[in-house]
Structures are given as structure tokens and as C-alpha cells.
>>> print(open('model-v3.csv').read())   # CSV, C-alpha atoms and all ligand atoms
chain,number,residue,atom,x,y,z
A,1,MET,CA,135.8,88.2,106.3
A,2,PHE,CA,132.8,90.5,107.0
A,3,MET,CA,129.6,88.9,105.8
A,4,THR,CA,127.5,92.0,106.2
A,5,GLU,CA,128.1,95.8,106.1
A,6,ARG,CA,127.5,97.7,109.3
A,7,HIS,CA,124.9,100.4,108.7
A,8,GLU,CA,123.4,103.1,110.8
A,9,SER,CA,120.2,101.8,112.4
A,10,LYS,CA,116.8,103.2,111.4
A,11,GLU,CA,116.6,104.8,114.8
A,12,LEU,CA,120.0,106.6,114.4
A,13,LEU,CA,119.2,107.7,110.9
A,14,PHE,CA,115.9,109.1,112.1
A,15,HIS,CA,117.6,111.1,114.9
A,16,GLU,CA,120.2,112.4,112.5
A,17,VAL,CA,117.6,113.7,110.2
A,18,ILE,CA,115.6,115.4,112.9
A,19,GLU,CA,118.9,116.9,114.2
A,20,LYS,CA,119.3,118.6,110.8
A,21,ARG,CA,115.7,119.5,110.2
A,22,CYS,CA,114.2,120.2,113.6
A,23,VAL,CA,115.2,121.8,116.9
A,24,LEU,CA,116.0,118.8,119.0
A,25,ARG,CA,114.2,118.1,122.2
A,26,ASP,CA,116.3,117.0,125.3
A,27,GLY,CA,115.2,113.4,125.1
A,28,GLU,CA,116.0,113.3,121.4
A,29,ALA,CA,119.4,114.8,121.8
A,30,ASN,CA,120.3,112.3,124.6
A,31,ARG,CA,119.1,109.4,122.5
A,32,LEU,CA,121.1,110.6,119.5
A,33,LYS,CA,124.2,110.8,121.7
A,34,ILE,CA,123.7,107.3,123.0
A,35,LEU,CA,123.1,105.9,119.5
A,36,ARG,CA,126.1,107.6,118.0
A,37,GLN,CA,128.3,106.4,120.9
A,38,GLY,CA,127.0,102.9,120.3
A,39,LEU,CA,127.8,102.9,116.6
A,40,GLU,CA,131.2,104.5,117.3
A,41,GLY,CA,132.0,101.6,119.6
A,42,GLU,CA,131.0,99.1,116.9
A,43,ARG,CA,133.3,100.8,114.5
A,44,ILE,CA,136.2,100.6,117.0
A,45,TYR,CA,135.5,96.9,117.2
A,46,ASP,CA,135.5,96.6,113.4
A,47,ARG,CA,138.7,98.5,113.1
A,48,LEU,CA,140.4,96.1,115.5
A,49,TRP,CA,139.3,93.2,113.3
A,50,GLU,CA,140.8,95.1,110.3
A,51,GLU,CA,144.1,95.4,112.1
A,52,ILE,CA,144.2,91.8,113.2
A,53,GLY,CA,142.9,90.4,110.0
A,54,HIS,CA,139.8,88.4,109.5
A,55,THR,CA,140.0,86.8,106.1
A,56,SER,CA,139.8,83.2,107.4
A,57,LEU,CA,136.7,84.0,109.5
A,58,MET,CA,133.0,84.7,108.9
A,59,ILE,CA,131.8,87.7,110.8
A,60,PHE,CA,128.3,89.0,110.7
A,61,ARG,CA,128.0,92.6,111.8
A,62,GLY,CA,124.9,94.6,113.0
A,63,ILE,CA,122.3,92.0,112.1
A,64,TRP,CA,118.7,91.4,113.2
A,65,MET,CA,117.3,87.9,113.5
A,66,ARG,CA,113.9,86.4,114.3
A,67,ILE,CA,114.1,83.1,116.0
A,68,GLU,CA,110.7,81.7,116.9
A,69,ASN,CA,109.0,84.7,118.4
A,70,ALA,CA,112.1,86.5,119.6
A,71,ILE,CA,113.7,89.4,117.8
A,72,LEU,CA,117.4,89.6,118.3
A,73,GLN,CA,119.9,92.3,117.5
A,74,LEU,CA,123.5,91.1,117.2
A,75,ASP,CA,126.4,93.6,117.2
A,76,ALA,CA,128.8,90.9,116.0
A,77,LEU,CA,128.5,87.2,115.4
A,78,VAL,CA,131.6,85.2,114.4
A,79,VAL,CA,130.8,81.8,112.8
A,80,THR,CA,133.5,79.2,112.9
A,81,ASP,CA,133.4,75.4,112.4
A,82,GLY,CA,131.2,74.2,115.2
A,83,GLN,CA,130.9,77.5,117.0
A,84,LEU,CA,128.9,80.7,117.1
A,85,ILE,CA,130.6,83.5,119.0
A,86,VAL,CA,128.3,86.3,120.1
A,87,ASN,CA,130.0,89.7,120.9
A,88,GLU,CA,127.7,92.3,122.5
A,89,ILE,CA,129.7,95.5,121.9
A,90,LYS,CA,129.5,98.3,124.5
A,91,ASN,CA,131.2,101.7,124.3
A,92,TYR,CA,130.7,102.7,128.0
A,93,THR,CA,133.1,105.2,129.6
A,94,GLY,CA,133.6,105.7,133.3
A,95,ARG,CA,133.8,103.5,136.4
A,96,TYR,CA,131.2,100.8,136.5
A,97,LYS,CA,130.3,98.2,139.1
A,98,TYR,CA,128.5,94.9,138.5
A,99,GLU,CA,127.2,93.1,141.6
A,100,ASP,CA,124.2,90.8,142.1
A,101,GLY,CA,123.0,91.2,138.6
A,102,THR,CA,123.0,95.0,138.8
A,103,TRP,CA,125.1,97.5,136.9
A,104,SER,CA,125.9,100.9,138.3
A,105,VAL,CA,128.0,103.8,137.4
A,106,ASN,CA,129.1,106.3,140.1
A,107,SER,CA,126.7,104.5,142.4
A,108,PHE,CA,123.7,105.1,140.1
A,109,GLN,CA,122.0,102.0,138.9
A,110,ILE,CA,121.6,101.8,135.1
A,111,SER,CA,118.7,100.1,133.4
A,112,GLU,CA,120.8,98.4,130.8
A,113,ASP,CA,122.1,94.9,131.6
A,114,PRO,CA,124.6,93.9,128.9
A,115,LEU,CA,125.1,90.4,130.4
A,116,ALA,CA,121.4,89.7,130.4
A,117,GLN,CA,121.2,90.9,126.8
A,118,LEU,CA,124.1,88.6,125.9
A,119,ASN,CA,122.5,85.6,127.7
A,120,ARG,CA,119.2,86.2,126.0
A,121,THR,CA,120.8,86.3,122.5
A,122,ALA,CA,123.0,83.3,123.1
A,123,GLY,CA,120.0,81.3,124.5
A,124,LYS,CA,118.0,82.0,121.4
A,125,LEU,CA,120.8,81.1,119.1
A,126,VAL,CA,121.0,77.7,120.8
A,127,ARG,CA,117.5,77.1,119.5
A,128,LEU,CA,118.9,76.9,116.0
A,129,LYS,CA,120.4,73.5,116.9
A,130,TYR,CA,116.9,72.1,117.0
A,131,LEU,CA,115.1,74.3,114.5
A,132,ASP,CA,117.7,73.9,111.9
A,133,ASN,CA,119.3,70.6,112.9
A,134,GLN,CA,122.7,72.0,113.3
A,135,GLN,CA,125.6,71.1,115.7
A,136,PHE,CA,127.4,73.9,117.3
A,137,ASP,CA,128.4,75.5,120.6
A,138,VAL,CA,127.6,79.1,121.5
A,139,GLU,CA,130.3,81.3,123.0
A,140,LYS,CA,129.5,84.7,124.3
A,141,LYS,CA,131.2,87.8,125.5
A,142,VAL,CA,130.3,91.4,126.2
A,143,VAL,CA,133.2,93.4,124.8
A,144,PHE,CA,133.9,96.9,126.2
A,145,VAL,CA,135.8,98.8,123.5
A,146,ASN,CA,136.6,102.0,125.2
A,147,SER,CA,139.9,102.3,127.1
A,148,ASP,CA,138.2,104.8,129.4
A,149,PHE,CA,136.1,102.0,130.9
A,150,ASN,CA,136.7,100.5,134.3
A,151,LEU,CA,134.8,97.7,135.9
A,152,THR,CA,134.7,96.4,139.4
A,153,THR,CA,133.0,93.1,140.0
A,154,SER,CA,133.3,90.1,142.3
A,155,SER,CA,131.0,88.1,140.1
A,156,GLY,CA,132.8,85.1,138.5
A,157,GLU,CA,130.0,84.8,136.0
A,158,GLY,CA,130.5,88.5,135.1
A,159,ARG,CA,134.2,88.2,134.7
A,160,LYS,CA,133.9,85.1,132.6
A,161,HIS,CA,131.8,86.8,129.9
A,162,ILE,CA,133.4,90.2,129.9
A,163,ILE,CA,136.3,91.4,127.8
A,164,ASP,CA,137.6,94.9,128.4
A,165,ARG,CA,139.7,97.0,126.0
A,166,SER,CA,143.0,95.9,127.5
A,167,LEU,CA,142.3,92.3,126.6
A,168,LEU,CA,140.3,92.8,123.5
A,169,LYS,CA,143.0,92.3,120.9
A,170,HIS,CA,144.2,89.1,122.6
A,171,TYR,CA,140.7,87.9,122.6
A,172,LEU,CA,140.1,88.6,118.9
A,173,ARG,CA,143.5,87.0,118.0
A,174,ASP,CA,142.5,83.9,119.9
A,175,ILE,CA,139.4,83.7,117.8
A,176,THR,CA,141.5,83.8,114.6
A,177,ARG,CA,143.0,80.4,115.6
A,178,SER,CA,139.6,78.9,114.8
A,179,ARG,CA,138.7,78.0,111.3
A,180,SER,CA,135.7,78.9,109.2
A,181,GLY,CA,135.4,76.1,106.7
A,182,GLN,CA,132.6,74.0,105.2
A,183,ASN,CA,130.8,73.6,108.5
A,184,ALA,CA,130.9,77.3,109.2
A,185,SER,CA,129.5,78.0,105.7
A,186,GLU,CA,126.6,75.8,106.4
A,187,LEU,CA,126.0,77.5,109.8
A,188,ALA,CA,126.3,80.9,108.0
A,189,SER,CA,123.6,80.0,105.6
A,190,ALA,CA,121.4,78.9,108.5
A,191,ILE,CA,122.0,82.3,110.1
A,192,ARG,CA,121.0,84.1,106.9
A,193,GLU,CA,117.7,82.3,106.8
A,194,TYR,CA,116.8,83.8,110.1
A,195,MET,CA,118.0,87.3,109.4
A,196,ILE,CA,115.4,90.1,109.1
A,197,GLU,CA,115.5,93.8,108.2
A,198,ASP,CA,115.9,96.3,111.0
A,199,PRO,CA,112.4,96.1,112.6
A,200,MET,CA,112.5,99.2,114.7
A,201,THR,CA,109.7,101.6,114.4
A,202,VAL,CA,110.8,105.2,114.7
A,203,PRO,CA,108.9,107.8,116.9
A,204,GLU,CA,106.3,110.0,115.4
A,205,VAL,CA,107.4,113.5,114.5
A,206,GLU,CA,105.0,116.3,113.7
A,207,ALA,CA,105.4,117.7,110.2
A,208,GLU,CA,105.2,121.3,111.6
A,209,ARG,CA,108.6,120.7,113.3
A,210,ILE,CA,110.3,119.9,110.1
A,211,LYS,CA,112.3,122.5,108.3
A,212,ALA,CA,111.9,122.0,104.6
A,213,GLY,CA,114.5,122.7,101.9
A,214,PHE,CA,118.0,121.7,101.0
A,215,TYR,CA,120.9,121.8,103.5
A,216,CYS,CA,124.7,121.6,103.2
A,217,GLY,CA,126.1,118.1,103.3
A,218,ARG,CA,129.2,119.3,105.1
A,219,CYS,CA,128.0,121.8,107.7
A,220,SER,CA,124.2,121.3,107.6
A,221,SER,CA,123.4,125.0,106.9
A,222,PHE,CA,120.2,125.7,105.0
A,223,ASP,CA,121.7,128.9,103.7
A,224,LEU,CA,122.5,127.8,100.2
A,225,GLU,CA,122.8,129.6,96.9
A,226,LEU,CA,120.9,127.8,94.1
A,227,GLU,CA,122.7,127.7,90.8
A,228,HIS,CA,121.6,126.0,87.6
A,229,PHE,CA,122.6,122.4,88.5
A,230,ARG,CA,124.0,122.7,92.0
A,231,THR,CA,123.8,124.3,95.4
A,232,ARG,CA,126.6,126.3,97.1
A,233,CYS,CA,126.8,126.7,100.8
A,234,VAL,CA,127.0,130.4,101.8
A,235,ARG,CA,128.6,129.4,105.1
A,236,CYS,CA,131.3,126.9,104.1
A,237,GLY,CA,131.4,127.0,100.3
A,238,HIS,CA,130.6,123.3,99.9
A,239,SER,CA,128.8,122.5,96.7
A,240,GLU,CA,126.5,119.7,95.7
A,241,THR,CA,124.4,118.8,92.7
A,242,PHE,CA,120.6,119.3,92.8
A,243,GLU,CA,120.3,115.6,92.1
A,244,TYR,CA,122.3,114.7,95.2
A,245,GLN,CA,120.3,117.1,97.3
A,246,ALA,CA,117.0,115.7,96.0
A,247,VAL,CA,118.0,112.1,96.8
A,248,GLN,CA,119.1,113.2,100.3
A,249,ALA,CA,115.7,114.9,100.7
A,250,ILE,CA,113.8,111.7,99.5
A,251,ILE,CA,115.8,109.6,102.0
A,252,ASP,CA,115.1,112.1,104.7
A,253,PHE,CA,111.4,111.9,104.0
A,254,ALA,CA,111.4,108.1,104.0
A,255,THR,CA,113.4,108.1,107.2
A,256,LEU,CA,111.1,110.5,109.1
A,257,PHE,CA,107.8,109.2,107.8
A,258,PRO,CA,108.2,105.5,107.0
A,259,GLU,CA,104.4,105.0,107.1
A,260,GLN,CA,103.7,107.6,104.5
A,261,SER,CA,104.1,107.2,100.7
A,262,ILE,CA,106.9,108.8,98.8
A,263,THR,CA,104.9,111.0,96.4
A,264,LYS,CA,105.8,114.0,94.3
A,265,GLN,CA,103.8,116.1,96.5
A,266,ASN,CA,105.5,115.0,99.7
A,267,ILE,CA,109.0,115.4,98.2
A,268,ARG,CA,108.1,118.8,96.8
A,269,TRP,CA,107.2,119.7,100.4
A,270,ILE,CA,110.4,118.5,102.0
A,271,THR,CA,112.6,120.1,99.3
A,272,GLY,CA,110.8,123.4,99.9
A,273,GLY,CA,109.9,123.6,96.3
A,274,ALA,CA,113.6,124.1,95.3
A,275,VAL,CA,113.3,121.8,92.3
A,276,SER,CA,110.9,122.0,89.4
A,277,ASP,CA,108.3,119.2,89.2
A,278,ARG,CA,109.7,117.9,86.0
A,279,ARG,CA,113.1,117.4,87.6
A,280,LEU,CA,111.6,116.0,90.7
A,281,GLU,CA,109.8,113.4,88.7
A,282,ARG,CA,113.0,112.5,86.9
A,283,TYR,CA,114.8,111.9,90.2
A,284,LEU,CA,111.9,109.9,91.7
A,285,ASN,CA,111.9,107.7,88.6
A,286,ARG,CA,115.6,107.2,88.7
A,287,TYR,CA,116.2,106.6,92.4
A,288,CYS,CA,112.9,105.1,93.6
A,289,THR,CA,110.6,102.3,92.5
A,290,LEU,CA,107.2,103.2,91.3
A,291,ALA,CA,104.7,101.4,93.6
A,292,MET,CA,101.5,102.9,92.5
A,293,ARG,CA,100.8,104.4,89.1
A,294,GLY,CA,98.4,107.2,88.1
A,295,LYS,CA,97.4,110.5,89.4
A,296,HIS,CA,98.7,109.8,92.9
A,297,SER,CA,101.8,107.9,91.9
A,298,ALA,CA,103.7,106.6,95.0
A,299,TYR,CA,107.3,105.3,95.2
A,300,THR,CA,109.5,103.2,97.5
A,301,ILE,CA,113.2,103.2,97.9
A,302,ASP,CA,115.5,100.2,98.3
A,303,THR,CA,117.7,101.6,101.1
A,304,LEU,CA,117.9,104.5,103.5
A,305,ASN,CA,121.7,104.6,103.0
A,306,LEU,CA,122.5,107.6,100.8
A,307,GLY,CA,125.9,106.4,99.6
A,308,GLU,CA,124.5,102.9,98.8
A,309,LEU,CA,121.5,104.3,96.9
A,310,LEU,CA,123.5,106.7,94.8
A,311,LYS,CA,125.9,103.9,93.9
A,312,MET,CA,123.1,101.4,93.1
A,313,LYS,CA,121.6,103.8,90.7
A,314,GLY,CA,124.8,104.9,89.0
A,315,TYR,CA,125.0,108.5,90.3
A,316,ALA,CA,128.8,108.8,90.0
A,317,SER,CA,129.0,107.3,86.5
A,318,LYS,CA,126.5,109.7,85.3
A,319,TYR,CA,128.4,112.7,86.6
A,320,GLU,CA,131.7,111.3,85.6
A,321,LYS,CA,130.8,112.4,82.1
A,322,ASP,CA,130.4,116.0,83.2
A,323,LYS,CA,133.0,116.7,85.8
A,324,GLN,CA,132.0,120.4,85.5
A,325,ILE,CA,128.8,119.7,87.4
A,326,LEU,CA,130.6,117.9,90.2
A,327,ALA,CA,133.7,120.2,90.5
A,328,ASP,CA,133.9,121.7,93.9
A,401,ZN,ZN,128.2,124.3,104.5
>>> encode(input="model-v3.csv", output="C-alpha cells")
Amino acid sequence: MFMTERHESKELLFHEVIEKRCVLRDGEANRLKILRQGLEGERIYDRLWEEIGHTSLMIFRGIWMRIENAILQLDALVVTDGQLIVNEIKNYTGRYKYEDGTWSVNSFQISEDPLAQLNRTAGKLVRLKYLDNQQFDVEKKVVFVNSDFNLTTSSGEGRKHIIDRSLLKHYLRDITRSRSGQNASELASAIREYMIEDPMTVPEVEAERIKAGFYCGRCSSFDLELEHFRTRCVRCGHSETFEYQAVQAIIDFATLFPEQSITKQNIRWITGGAVSDRRLERYLNRYCTLAMRGKHSAYTIDTLNLGELLKMKGYASKYEKDKQILAD
């Protein structure tokens, strides 16, 4: 079973918001492409687990851990009785070569070294034996999920810790022969103790670059007609409630400017003044937590994940009562 949801990273969310609200610079567009490709690879991996079945296993997905002073990001960690299995997931495409500790694609050396990342992560997990007085072995593999990936290597070490797409299902099936029982449960609780929130800091973005206002959730166009309770996209006809749009804008603001407070004034700015102050205040009180009271009230939100936040705060059940508002 999956022990954690796989969410978009803060860095990916940030780039997705600037893609909608700014003109992307080259570096940003490249970074967005890489981050999307990475997440897509992780989703391919998850889907394979869904196909194979994972109810008897404990699988942590997309987690961050702090062990001693090291911060680790784990794409997937399977916890079984007496074993932690680390899978570093890569969605590379093309013809790669790995020799003498160096990776290259089409003879160009790349800066990323998946095997070094894997070894570092696995090495730190071993520390839990001493820190938490647990008994387990650490297994590790870099898994390449894209069938359009080809690797040449004469390194035995490399081959030992690499699984490509053609062998991936067999590899995962092999894991299902292990058991996640009482011992795994204890290991899983130890893992949870070392888990931390996504610690990445996002780049700074100048407020002047940001396009304020509401945009279509389907095609990202800012060309919307504003009706009484909802917006309608002039380009594609998609319709959303003001409330949905306002929550999206609050999340956009929090994603772009994590160091700044969520205030009525800031949200009024990013919504482009599309919503009356009275409504805005209602949405802030409903979807956010009041952190500072008074003239300069400031809020926080529990998650940057739109779907999760709406669900948490009962958005659907509210609109269930009035299907007219939600009707597309
Ligand atoms: Zn649209």
C-alpha cells in the first residue's frame, strides 16, 4: 500500500504558476520541463505498482527526510520486514553511457549522477540502524522508467544497481515476494519520525512580472467573462466559480511568495480586484487560517495542493447544494 501521496514539489508548483502568470525565461522553461518529466516518470513508476498490486507492501512516495544533518529526497522507499528498498526514479530518454563514474548522453557529460545520489541516500538510511536502534538491510536501485532509454556501461557496480524499463516489472514483482509485517510497521514508524516537509526554497520572482487576475483552469487564458458567481472562459467556454478561482489565486500567491504574508491586500492584488473585499474576506476565512488578527490580518494555508485544500474545507459539499452554480 502507498503510505504517502505523491505531490508536485514546491519547485514544480512555483514554475507552473509562473508559466501561467509570467512570460517564462529560458532557464525557467527548461527547469519546468525537467521537473515535469521527473514527475511524469514517478507517475509511470506508481502506475506499474498499481498494475502489479502493492497491498501487502508499505511504499513511501516522494518523501523528504532529515537524518543527522543530511536532507534526503526519496522518490520511492519500500519498507519490508528487515529491509529498506530505495528506488531512485529517472525518466531519461536517449542513449546514455556510464563509465568511470561519469554519465554522458550523446558524448556530452551530464552533471547529474543518479548512482551517486542513490548511494548517498542509502548510506544515510543505514544511519537509522544506530540512531533508532533498528535492524535492517538497505537495498538500492536506480530505476529508469522510460522505454526510450538505452544505457551502455561496462561497470559491474553500475549494472548491479540499475534497472531499466524492460526489467522493471520483473523487479517490482520480485519485491512483492517480500512481506511487510510487524517489523516493517516498526521500521515505517521510524521513517515517519525523520520525515520533513519539502524544504526547497523557490527562486525570487519580481512582482512586476506577475500577471494579476483570474485565468481559465482548462486553457489558462485570462480572457474570462465575469458573471455573478462564476467565470466563463471566452476562449474555451470552461466555467468555474469565483470561489474556486479565488482559492487558486491564494495558492498561487503562497506558491510564488512563500516569505510574504497572505493578506487581503496581497490577494486583492493577485486577483486583479475581480472580487469584492467582502467576498475575499469570506474566502480567506474559509480556506486559510488566521495567523495575525487586527488591521493587518494575515493568513496561512495548510497545503499548496488545490484539490486537497478544496476537499479539506468542504468546497464540493457546499456547491452540491446548488448544482446551478457548478453546472458547466
Ligand atoms: Zn479556457
>>> residues_near_ligand(input="model-v3.csv", ligand="ligand ZN 401 (chain A)", cutoff="6 Å", atoms="all atoms listed in the file", output="PyMOL selection string")
chain A and resi 216+218-221+233+235-238
>>> residues_around(input="model-v3.csv", residues="Ile63 in chain A", least_positions_apart="3", cutoff="12 Å", atoms="only C-alpha atoms", output="ChimeraX atom specification")
/A:2-9,59-60,66,71-78,86-88,121,191-199
>>> atom_distance(input="model-v3.csv", atom1="CA of Thr201 in chain A", atom2="CA of Arg127 in chain A")
26.2 Å
>>> residues_around(input="model-v3.csv", residues="Asn133 in chain A", least_positions_apart="3", cutoff="12 Å", atoms="all atoms listed in the file", output="ChimeraX atom specification")
/A:126-130,136,186-187,190
>>> residues_around(input="model-v3.csv", residues="Ala246 in chain A", least_positions_apart="4", cutoff="9 Å", atoms="only C-alpha atoms", output="ChimeraX atom specification")
/A:214,241-242,250-251,267,271,275,280,283-284
>>> atom_distance(input="model-v3.csv", atom1="CA of Leu84 in chain A", atom2="CA of Arg61 in chain A")
13.1 Å
>>> residues_around(input="model-v3.csv", residues="Asp164 in chain A", least_positions_apart="4", cutoff="12 Å", atoms="only C-alpha atoms", output="PDB file with C-alpha atoms, in the coordinates of the input")
ATOM      1  CA  TYR A  45     135.500  96.900 117.200  1.00  0.00           C
ATOM      2  CA  ASN A  87     130.000  89.700 120.900  1.00  0.00           C
ATOM      3  CA  GLU A  88     127.700  92.300 122.500  1.00  0.00           C
ATOM      4  CA  ILE A  89     129.700  95.500 121.900  1.00  0.00           C
ATOM      5  CA  LYS A  90     129.500  98.300 124.500  1.00  0.00           C
ATOM      6  CA  ASN A  91     131.200 101.700 124.300  1.00  0.00           C
ATOM      7  CA  TYR A  92     130.700 102.700 128.000  1.00  0.00           C
ATOM      8  CA  THR A  93     133.100 105.200 129.600  1.00  0.00           C
ATOM      9  CA  TYR A  96     131.200 100.800 136.500  1.00  0.00           C
ATOM     10  CA  LYS A 141     131.200  87.800 125.500  1.00  0.00           C
ATOM     11  CA  VAL A 142     130.300  91.400 126.200  1.00  0.00           C
ATOM     12  CA  VAL A 143     133.200  93.400 124.800  1.00  0.00           C
ATOM     13  CA  PHE A 144     133.900  96.900 126.200  1.00  0.00           C
ATOM     14  CA  VAL A 145     135.800  98.800 123.500  1.00  0.00           C
ATOM     15  CA  ASN A 146     136.600 102.000 125.200  1.00  0.00           C
ATOM     16  CA  SER A 147     139.900 102.300 127.100  1.00  0.00           C
ATOM     17  CA  ASP A 148     138.200 104.800 129.400  1.00  0.00           C
ATOM     18  CA  PHE A 149     136.100 102.000 130.900  1.00  0.00           C
ATOM     19  CA  ASN A 150     136.700 100.500 134.300  1.00  0.00           C
ATOM     20  CA  LEU A 151     134.800  97.700 135.900  1.00  0.00           C
ATOM     21  CA  THR A 152     134.700  96.400 139.400  1.00  0.00           C
ATOM     22  CA  GLY A 158     130.500  88.500 135.100  1.00  0.00           C
ATOM     23  CA  ARG A 159     134.200  88.200 134.700  1.00  0.00           C
ATOM     24  CA  LYS A 160     133.900  85.100 132.600  1.00  0.00           C
ATOM     25  CA  LEU A 168     140.300  92.800 123.500  1.00  0.00           C
ATOM     26  CA  LYS A 169     143.000  92.300 120.900  1.00  0.00           C
ATOM     27  CA  HIS A 170     144.200  89.100 122.600  1.00  0.00           C
ATOM     28  CA  TYR A 171     140.700  87.900 122.600  1.00  0.00           C
ATOM     29  CA  LEU A 172     140.100  88.600 118.900  1.00  0.00           C
TER      30      LEU A 172
END
>>> residues_around(input="model-v3.csv", residues="Gly272 in chain A", least_positions_apart="2", cutoff="8 Å", atoms="only C-alpha atoms", output="short mmCIF file (atom, residue, chain, number, x, y, z; two decimals) with C-alpha atoms, in the frame of the given file")
data_model
loop_
_atom_site.label_atom_id
_atom_site.label_comp_id
_atom_site.auth_asym_id
_atom_site.auth_seq_id
_atom_site.Cartn_x
_atom_site.Cartn_y
_atom_site.Cartn_z
CA ALA A 212 111.90 122.00 104.60
CA GLY A 213 114.50 122.70 101.90
CA PHE A 214 118.00 121.70 101.00
CA ARG A 268 108.10 118.80 96.80
CA TRP A 269 107.20 119.70 100.40
CA ILE A 270 110.40 118.50 102.00
CA ALA A 274 113.60 124.10 95.30
#
>>> closest_residue(input="model-v3.csv", among="A:Asp137, A:Glu68, A:Glu19, A:Asp81", to="Gly181 in chain A", atoms="all atoms listed in the file")
A:Asp81
>>> atom_distance(input="model-v3.csv", atom1="CA of Gly41 in chain A", atom2="CA of Leu304 in chain A")
21.6 Å
>>> residues_near_point(input="model-v3.csv", point="(141.1, 77.7, 116.5)", cutoff="12 Å", atoms="all atoms listed in the file", output="PyMOL selection string")
chain A and resi 56-57+79-83+171-181
>>> closest_residue(input="model-v3.csv", among="A:Glu11, A:Asp26, A:Glu157, A:Glu50", to="Gly38 in chain A", atoms="all atoms listed in the file")
A:Glu11
>>> decode(input="model-v3.csv", residues="range 205-233 of chain A", atoms="C-alpha atoms", output="mmCIF file, in the first residue's frame")
data_model
loop_
_atom_site.group_PDB
_atom_site.id
_atom_site.type_symbol
_atom_site.label_atom_id
_atom_site.label_comp_id
_atom_site.auth_asym_id
_atom_site.auth_seq_id
_atom_site.Cartn_x
_atom_site.Cartn_y
_atom_site.Cartn_z
ATOM 1 C CA VAL A 205 10.290 36.451 -8.718
ATOM 2 C CA GLU A 206 9.712 40.168 -9.235
ATOM 3 C CA ALA A 207 6.110 41.180 -8.610
ATOM 4 C CA GLU A 208 6.171 43.302 -11.808
ATOM 5 C CA ARG A 209 6.465 40.134 -13.871
ATOM 6 C CA ILE A 210 3.262 38.676 -12.471
ATOM 7 C CA LYS A 211 0.035 38.999 -14.386
ATOM 8 C CA ALA A 212 -2.774 39.544 -11.911
ATOM 9 C CA GLY A 213 -6.329 38.328 -12.356
ATOM 10 C CA PHE A 214 -8.219 35.063 -12.805
ATOM 11 C CA TYR A 215 -7.324 32.574 -15.538
ATOM 12 C CA CYS A 216 -9.099 29.605 -17.035
ATOM 13 C CA GLY A 217 -8.362 26.322 -15.264
ATOM 14 C CA ARG A 218 -8.562 24.433 -18.523
ATOM 15 C CA CYS A 219 -6.677 26.541 -21.082
ATOM 16 C CA SER A 220 -5.008 29.169 -18.833
ATOM 17 C CA SER A 221 -6.479 32.101 -20.768
ATOM 18 C CA PHE A 222 -7.005 35.304 -18.776
ATOM 19 C CA ASP A 223 -9.810 36.263 -21.132
ATOM 20 C CA LEU A 224 -12.768 35.490 -18.872
ATOM 21 C CA GLU A 225 -16.273 36.838 -18.656
ATOM 22 C CA LEU A 226 -17.278 37.536 -15.087
ATOM 23 C CA GLU A 227 -20.794 36.527 -14.161
ATOM 24 C CA HIS A 228 -22.450 36.808 -10.778
ATOM 25 C CA PHE A 229 -20.960 33.715 -9.126
ATOM 26 C CA ARG A 230 -18.703 32.354 -11.802
ATOM 27 C CA THR A 231 -16.250 32.992 -14.592
ATOM 28 C CA ARG A 232 -16.608 31.775 -18.166
ATOM 29 C CA CYS A 233 -13.635 31.419 -20.489
#
